[in-house]
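Taking it in order: structure first as structure tokens, then the write-up.
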Amino acid sequence: MTFFETLVALLAVAILLLQVTRRMRLPYPGILAAAGVGVAMLPGAPTIPIDPPTALALFIAPVLIDSAYDFPLGAAKRMLLPLFLYAVVAILVTTGVVVTINAFTIGLPLAVAVTLGAIVAPPDAAAATAVLSNLPVARRVDALLKGESLFNDATALLLFGAALTVQARGGLDTETALRIGFAAPGGILFGIAFGFLVSRLRPVTENTVGGTLLQFVYAFATWLIAEHLHLSAVLATVASAMTIATLATVEDSPRMRVHSFAVWTTVVFLLNVVAFLLMGLQARRIVAAMSAADLERAVSFAAIVVVAIIATRLAMAFLFHALVVHRHRRGHVLAPFNRGETLLVGWAGMRGLVTLATAFALPADFPDRDLVVLTAFSVVLATLVIQGATLAPMIHFLKLGRQGEVQEELEAARKSLAEAALSRLEPETGAEADALRIVYKDHHARASREPDRTPSDRRRNLAMAVVIAQRQRLEELRDADQIGPTQYLELQEDLDWKQLSVGTDEERRITES
């Protein structure tokens, strides 16, 4: 099988598994990891070399842009202390634990051990988000997990880059130390400046396919330029995305937003599929090349590392809980999580795409590369399967789900939006304003009534029936050759927007799983 054939096979399996995970409410990254291994082990699966400099930009930059653009700056400011602890302190502690384990077991060189620690230290929020989208928990827990996955990547990759540099140069000199020290602040400043520049270019390409392509060009360009300037590419990417999101206005094109969301959701999912396939292929090659003794040594070391990083994450969560409780008693504003939420945060430490991508980025001549890559993949696979599969049962057991509260918040927000519309219509007169008032009064009342009993519900059902009738007539016109293909597609899109505008929330939403 060629790489393309293998990729098509895995995508087909991934689509099938998505339907299974959606019905069983399992996080899809864990199932995807297992599928990647399974497809890679098929007879005839190809061995594909990965260009290390390309791996980080290809796999991480789009994911960071997608997450950072939607992450509110207000949440980062409110949760500065927990984000610092989980995104910086926890990464350094976890790396230190891996280095210590290495010193007492297989004895890799210090720079190699630090590199491995930086690779396996940062949790990935993708698996947790896949569960929490179906089982919402407290907003601050959700914000912490998503914010942590943004900023811990920066810490881990700074550490990763520093360790690689020290390993390549044979030590830490003054020039290297200065470059490492300037990487973080320089990356943030560059990201903000580049975000301002891109935000000025966006209106030129609004509502065009080129506008969507510009988003990907800017994502990769931010990363690549920052790397060439020896700055933190992660912080530059996150800072640029947050800058663009901050500069966005309510007058931005909704058509562009809808199109971009669909494209980015698909691309990020595709990157996950490809990453797990490539790692599975690498793992197969490494296992095949190792002797029985080396394989036993690697598996034993990987198992110890898996247990250690899970235990370290839990310990950090409860230590932080104790710290916040102490500060709260002394009058500080930040309220502590309850014990159940603390346990959930500690257990939601699955490793994923970032760990895979950094393992890919190791140079081919890196010392003990096969052992490091195999350990990294073992950590990803074990945490996704063990922790990811047990998150939902844990939420149920600890009674942390808040579906009822989320629905109430949604209904209250819808009422508030309807009130804003009615307030704007208040000074207006005429039949048009009266008709709109009726619509928004229905929206305001709908949240507290039974479904399908409000005038807006009846109007929606009637409007849906009308659109279906229009679709049937459009098909008849095309079959009778009374309309050209271009005009057919234009009218079909018009009907799509009409149908979406009157459809239910579920009909308008596209989900990962």
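Ligands are numbered from 1 in the order shown, chains are lettered A, B, ... in the order of the structure tokens, and residues start at 1 in each chain.
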
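The environment of A:Leu277 within 7 Å, counting only C-alpha atoms and disregarding residues fewer than 6 places along the same chain, consists of Gly36, Val37 and Ala40 of chain A.
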
Inset, instruction - Write out as an MDAnalysis selection string the residues lying within 12 Å of A:Leu417, counting only C-alpha atoms and excluding same-chain residues fewer than 3 positions away. - result: chainID A and resid 410:414 420:424 440:441 443:445 447

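If you measure from each of A:Ala138, A:Ala236, A:Val372, A:Ala35 to A:Thr342 using only C-alpha atoms, the closest one turns out to be A:Ala138.
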
Do you have, as CSV, the list of residues of stretch 282-345 of chain A lying at most 7 Å from stretch 82-104 of chain A, each with its nearest atom pair and that distance in Å to one decimal, counting only C-alpha atoms and ordered by chain then number?
residue,atom,partner,partner_atom,distance
A:Val305,CA,A:Val98,CA,6.5
A:Ile309,CA,A:Thr94,CA,6.3
A:Thr312,CA,A:Thr94,CA,6.5
A:Met316,CA,A:Ala90,CA,6.7

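Between A:Arg139 and the candidates A:Ile483, A:Val379, A:Leu436, A:Ala75, the tightest atom-to-atom separation, counting only C-alpha atoms, involves A:Ala75.
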
Inset, instruction - From a DSSP pass on the backbone, collect the residues of stretch 125-255 of chain A flagged as helix (DSSP H, G or I) and hand them back as a ChimeraX atom specification. - result: /A:125-132,139-169,174-205,209-228,233-247,254-255

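Separating atom CA of A:Gln499 from atom CA of A:Val406 is a distance of 26.1 Å.
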